[in-house]
$ cat my_file01.cif   # mmCIF, C-alpha atoms and all ligand atoms
data_model
loop_
_atom_site.group_PDB
_atom_site.id
_atom_site.type_symbol
_atom_site.label_atom_id
_atom_site.label_comp_id
_atom_site.auth_asym_id
_atom_site.auth_seq_id
_atom_site.Cartn_x
_atom_site.Cartn_y
_atom_site.Cartn_z
ATOM 1 C CA MET A 148 106.094 100.624 141.929
ATOM 2 C CA LYS A 149 103.091 99.180 140.082
ATOM 3 C CA LYS A 150 101.244 102.464 140.422
ATOM 4 C CA TYR A 151 104.202 104.278 138.930
ATOM 5 C CA LEU A 152 104.193 101.972 135.906
ATOM 6 C CA ILE A 153 100.494 102.529 135.311
ATOM 7 C CA LEU A 154 101.056 106.269 135.536
ATOM 8 C CA LEU A 155 103.900 105.983 133.042
ATOM 9 C CA ALA A 156 101.754 103.943 130.658
ATOM 10 C CA GLY A 157 99.003 106.522 130.947
ATOM 11 C CA LEU A 158 101.417 109.297 130.145
ATOM 12 C CA PHE A 159 102.666 107.404 127.120
ATOM 13 C CA LEU A 160 99.147 106.846 125.808
ATOM 14 C CA THR A 161 98.312 110.527 126.223
ATOM 15 C CA THR A 162 101.435 111.528 124.343
ATOM 16 C CA ALA A 163 100.620 109.048 121.565
ATOM 17 C CA ALA A 164 97.076 110.415 121.363
ATOM 18 C CA ILE A 165 98.362 113.979 121.052
ATOM 19 C CA ALA A 166 100.810 112.914 118.351
ATOM 20 C CA ALA A 167 98.052 111.122 116.430
ATOM 21 C CA ASP A 168 95.857 114.193 116.723
ATOM 22 C CA ALA A 169 98.570 116.435 115.359
ATOM 23 C CA THR A 170 98.937 114.155 112.333
ATOM 24 C CA THR A 171 95.202 114.207 111.678
ATOM 25 C CA ASN A 172 95.162 117.980 111.861
ATOM 26 C CA GLY A 173 98.027 118.121 109.411
ATOM 27 C CA HIS A 174 96.036 116.072 106.942
ATOM 28 C CA MET A 175 92.944 118.162 107.474
ATOM 29 C CA MET A 176 94.905 121.250 106.610
ATOM 30 C CA ASP A 177 96.117 119.599 103.404
ATOM 31 C CA ASP A 178 92.569 118.681 102.443
ATOM 32 C CA GLY A 179 91.579 122.322 102.230
ATOM 33 C CA GLN A 180 93.789 122.888 99.247
ATOM 34 C CA MET A 181 93.607 120.053 96.733
ATOM 35 C CA MET A 182 97.092 118.933 95.826
ATOM 36 C CA ALA A 183 98.071 119.054 92.165
ATOM 37 C CA GLY A 184 97.899 115.674 90.475
ATOM 38 C CA LYS A 185 96.017 114.098 93.389
ATOM 39 C CA ASP A 186 92.372 113.242 93.961
ATOM 40 C CA HIS A 187 90.603 114.108 97.224
ATOM 41 C CA HIS A 188 91.958 110.914 98.813
ATOM 42 C CA GLY A 189 95.495 112.055 98.031
ATOM 43 C CA SER A 190 95.932 109.325 95.392
ATOM 44 C CA ALA A 191 97.780 110.079 92.182
ATOM 45 C CA LEU A 192 95.457 110.796 89.258
ATOM 46 C CA TRP A 193 97.658 108.740 86.933
ATOM 47 C CA GLY A 194 96.841 105.550 88.812
ATOM 48 C CA GLU A 195 98.344 103.050 91.164
ATOM 49 C CA PRO A 196 100.231 99.736 91.183
ATOM 50 C CA GLY A 197 97.942 97.034 89.805
ATOM 51 C CA ASP A 198 97.318 93.456 90.846
ATOM 52 C CA PRO A 199 99.509 91.184 88.679
ATOM 53 C CA LYS A 200 96.769 88.536 88.912
ATOM 54 C CA LYS A 201 94.153 90.857 87.388
ATOM 55 C CA VAL A 202 95.867 92.136 84.272
ATOM 56 C CA ASP A 203 93.508 93.210 81.459
ATOM 57 C CA ARG A 204 96.159 93.652 78.837
ATOM 58 C CA THR A 205 99.882 93.567 78.202
ATOM 59 C CA VAL A 206 101.747 96.331 76.398
ATOM 60 C CA THR A 207 105.370 95.982 75.383
ATOM 61 C CA ILE A 208 107.490 99.126 75.379
ATOM 62 C CA GLU A 209 110.919 99.079 73.793
ATOM 63 C CA ALA A 210 113.667 101.539 74.612
ATOM 64 C CA THR A 211 116.635 102.349 72.388
ATOM 65 C CA GLU A 212 118.936 105.396 71.951
ATOM 66 C CA ILE A 213 117.192 107.526 72.374
ATOM 67 C CA ALA A 214 113.546 106.675 71.896
ATOM 68 C CA PHE A 215 110.547 104.569 72.851
ATOM 69 C CA ASN A 216 108.908 102.484 70.128
ATOM 70 C CA VAL A 217 105.504 104.030 70.961
ATOM 71 C CA LYS A 218 104.347 107.623 71.232
ATOM 72 C CA ASP A 219 100.708 107.416 72.319
ATOM 73 C CA LEU A 220 98.872 104.985 74.541
ATOM 74 C CA THR A 221 95.149 104.886 75.267
ATOM 75 C CA PHE A 222 93.510 102.994 78.112
ATOM 76 C CA ARG A 223 90.135 102.675 79.774
ATOM 77 C CA LYS A 224 89.598 103.932 83.285
ATOM 78 C CA GLY A 225 89.945 100.972 85.631
ATOM 79 C CA GLU A 226 92.119 98.985 83.243
ATOM 80 C CA THR A 227 95.092 97.108 84.695
ATOM 81 C CA VAL A 228 98.005 96.954 82.296
ATOM 82 C CA ARG A 229 101.161 94.887 82.424
ATOM 83 C CA PHE A 230 103.893 96.984 80.845
ATOM 84 C CA VAL A 231 106.769 94.872 79.634
ATOM 85 C CA PHE A 232 109.660 97.280 79.376
ATOM 86 C CA VAL A 233 112.466 96.012 77.162
ATOM 87 C CA ASN A 234 115.738 97.897 77.045
ATOM 88 C CA LYS A 235 117.193 97.178 73.609
ATOM 89 C CA GLY A 236 119.655 100.018 73.942
ATOM 90 C CA GLU A 237 123.178 100.338 75.196
ATOM 91 C CA GLN A 238 122.506 102.519 78.193
ATOM 92 C CA PRO A 239 120.016 102.411 81.079
ATOM 93 C CA HIS A 240 116.497 103.672 80.400
ATOM 94 C CA GLU A 241 113.374 103.979 82.473
ATOM 95 C CA PHE A 242 109.645 103.982 81.966
ATOM 96 C CA MET A 243 107.695 106.242 84.292
ATOM 97 C CA ILE A 244 103.962 106.952 84.399
ATOM 98 C CA ALA A 245 102.868 110.314 85.841
ATOM 99 C CA ASP A 246 101.608 113.749 84.894
ATOM 100 C CA ASP A 247 103.780 116.553 83.480
ATOM 101 C CA ALA A 248 104.633 118.101 86.832
ATOM 102 C CA GLU A 249 105.603 114.810 88.452
ATOM 103 C CA GLN A 250 107.726 113.821 85.446
ATOM 104 C CA LEU A 251 109.574 117.149 85.601
ATOM 105 C CA GLU A 252 110.172 116.820 89.314
ATOM 106 C CA HIS A 253 111.559 113.310 88.871
ATOM 107 C CA ARG A 254 113.707 114.512 85.966
ATOM 108 C CA LYS A 255 115.188 117.231 88.143
ATOM 109 C CA MET A 256 115.937 114.689 90.859
ATOM 110 C CA MET A 257 117.660 112.370 88.388
ATOM 111 C CA GLN A 258 119.723 115.252 87.089
ATOM 112 C CA GLU A 259 120.889 115.966 90.618
ATOM 113 C CA MET A 260 121.711 112.282 91.094
ATOM 114 C CA ALA A 261 123.500 112.013 87.741
ATOM 115 C CA GLY A 262 126.851 110.323 88.048
ATOM 116 C CA MET A 263 125.926 108.777 91.375
ATOM 117 C CA ASN A 264 124.338 105.835 89.563
ATOM 118 C CA MET A 265 121.708 105.542 92.255
ATOM 119 C CA GLY A 266 118.807 103.190 91.908
ATOM 120 C CA HIS A 267 115.317 104.495 92.446
ATOM 121 C CA ASN A 268 112.237 102.382 92.743
ATOM 122 C CA GLU A 269 109.134 104.486 92.912
ATOM 123 C CA ALA A 270 105.997 102.465 92.301
ATOM 124 C CA ASN A 271 105.278 104.244 89.013
ATOM 125 C CA THR A 272 108.717 103.692 87.480
ATOM 126 C CA VAL A 273 110.753 100.810 86.128
ATOM 127 C CA SER A 274 114.365 101.176 85.182
ATOM 128 C CA ALA A 275 116.181 98.693 82.961
ATOM 129 C CA GLU A 276 119.833 98.165 82.224
ATOM 130 C CA PRO A 277 120.874 97.391 78.621
ATOM 131 C CA GLY A 278 119.436 94.033 77.602
ATOM 132 C CA GLU A 279 117.159 93.889 80.620
ATOM 133 C CA THR A 280 113.375 93.463 80.630
ATOM 134 C CA LYS A 281 111.300 94.777 83.531
ATOM 135 C CA GLU A 282 107.595 94.700 84.251
ATOM 136 C CA LEU A 283 105.273 97.289 85.717
ATOM 137 C CA VAL A 284 101.658 96.392 86.474
ATOM 138 C CA TRP A 285 99.597 99.558 86.647
ATOM 139 C CA THR A 286 95.901 100.358 87.138
ATOM 140 C CA PHE A 287 94.574 103.555 85.584
ATOM 141 C CA THR A 288 92.160 104.852 88.207
ATOM 142 C CA HIS A 289 91.176 108.214 86.693
ATOM 143 C CA THR A 290 90.420 109.554 83.247
ATOM 144 C CA GLY A 291 92.786 112.174 81.928
ATOM 145 C CA THR A 292 95.910 112.825 79.914
ATOM 146 C CA PHE A 293 99.184 111.737 81.448
ATOM 147 C CA ASP A 294 102.728 111.051 80.271
ATOM 148 C CA PHE A 295 105.210 108.273 80.131
ATOM 149 C CA ALA A 296 108.852 109.251 80.023
ATOM 150 C CA CYS A 297 112.435 108.205 80.503
ATOM 151 C CA ASN A 298 113.902 110.756 82.864
ATOM 152 C CA TYR A 299 117.554 109.901 82.533
ATOM 153 C CA PRO A 300 119.237 113.259 81.895
ATOM 154 C CA GLY A 301 118.641 114.418 78.337
ATOM 155 C CA HIS A 302 116.408 111.523 77.259
ATOM 156 C CA ALA A 303 112.876 112.962 77.534
ATOM 157 C CA GLU A 304 114.216 116.222 76.128
ATOM 158 C CA VAL A 305 115.056 114.548 72.812
ATOM 159 C CA GLY A 306 111.733 112.737 72.593
ATOM 160 C CA MET A 307 111.882 109.805 74.991
ATOM 161 C CA GLU A 308 108.365 110.507 76.230
ATOM 162 C CA GLY A 309 104.786 110.014 75.140
ATOM 163 C CA LYS A 310 101.134 110.547 76.003
ATOM 164 C CA ILE A 311 98.828 108.302 77.966
ATOM 165 C CA VAL A 312 95.144 109.055 77.512
ATOM 166 C CA VAL A 313 92.755 107.342 79.907
ATOM 167 C CA LYS A 314 89.122 107.437 78.789
HETATM 168 CU CU CU A 401 116.243 106.795 78.361
#
$ encode --input "my_file01.cif" --output "structure tokens"
Amino acid sequence: MKKYLILLAGLFLTTAAIAADATTNGHMMDDGQMMAGKDHHGSALWGEPGDPKKVDRTVTIEATEIAFNVKDLTFRKGETVRFVFVNKGEQPHEFMIADDAEQLEHRKMMQEMAGMNMGHNEANTVSAEPGETKELVWTFTHTGTFDFACNYPGHAEVGMEGKIVVK
């Protein structure tokens, strides 16, 4: 009986090892072709969630119908920014940091979800109901030109978007 258990454990470990190997190979195949918007570690070029205890500066963004109060933002590479997103409008708005392609993909997804009133909490997005204030702490890890946008259907299309330049 004990022998059988050991055999079973061995079999399990082998299976796990094969599974792990398959995953590694999958990643290796991805590495060959650099993914759009990602660096060679697979991290988004537009940055990553920042440490709220290491904020370099705070930027307030106001949303109304249908606009942001800012158009262009400039940051330094490595800077951690606390975005205070204030919805002064009468409908929900969001503030999302990404590149063009990612914004468009998210916009398409929100269009498909329209009417379902589904929440979404990707790390690079904050959504605020009317009268609400939300915060997003973000570190800009790469230089480049990115976008911020509200991807509720029809909003970015009429100008609820802007540029983020990281130098
Ligand atoms: Cu909006």
$ atom_distance --input "my_file01.cif" --atom1 "CA of Ala214 (chain A)" --atom2 "CA of Pro199 (chain A)"
26.8 Å
$ resolve_selection --input "my_file01.cif" --expression "the PyMOL selection byres (((chain A and resi 299-311) around 7) and not hetatm)" --output "PyMOL selection string"
chain A and resi 213-215+218-221+240+254+257-258+292-298+312-313
$ resolve_selection --input "my_file01.cif" --expression "the PyMOL selection byres (((chain A and resi 195) around 8) and not hetatm)" --output "MDAnalysis selection string"
chainID A and resid 190:191 193:194 196:197 270:271 285:288
$ atom_distance --input "my_file01.cif" --atom1 "CA of Phe242 (chain A)" --atom2 "CA of Thr272 (chain A)"
5.6 Å
$ resolve_selection --input "my_file01.cif" --expression "the PyMOL selection byres (((chain A and resi 282) around 8) and not hetatm)" --output "ChimeraX atom specification"
/A:229-232,273,280-281,283-284
$ write_last_selection --input "my_file01.cif" --atoms "C-alpha atoms" --output "compact mmCIF listing (two decimals), keeping the file's coordinate frame"
# COMPACT_ATOMS: atom_id res chain seq x y z
CA ARG A 229 101.16 94.89 82.42
CA PHE A 230 103.89 96.98 80.84
CA VAL A 231 106.77 94.87 79.63
CA PHE A 232 109.66 97.28 79.38
CA VAL A 273 110.75 100.81 86.13
CA THR A 280 113.38 93.46 80.63
CA LYS A 281 111.30 94.78 83.53
CA LEU A 283 105.27 97.29 85.72
CA VAL A 284 101.66 96.39 86.47
$ closest_residue --input "my_file01.cif" --among "A:Gln250, A:Thr227, A:Asn234, A:Thr205" --to "ligand CU 401 (chain A)" --atoms "only C-alpha atoms and all ligand atoms"
A:Asn234
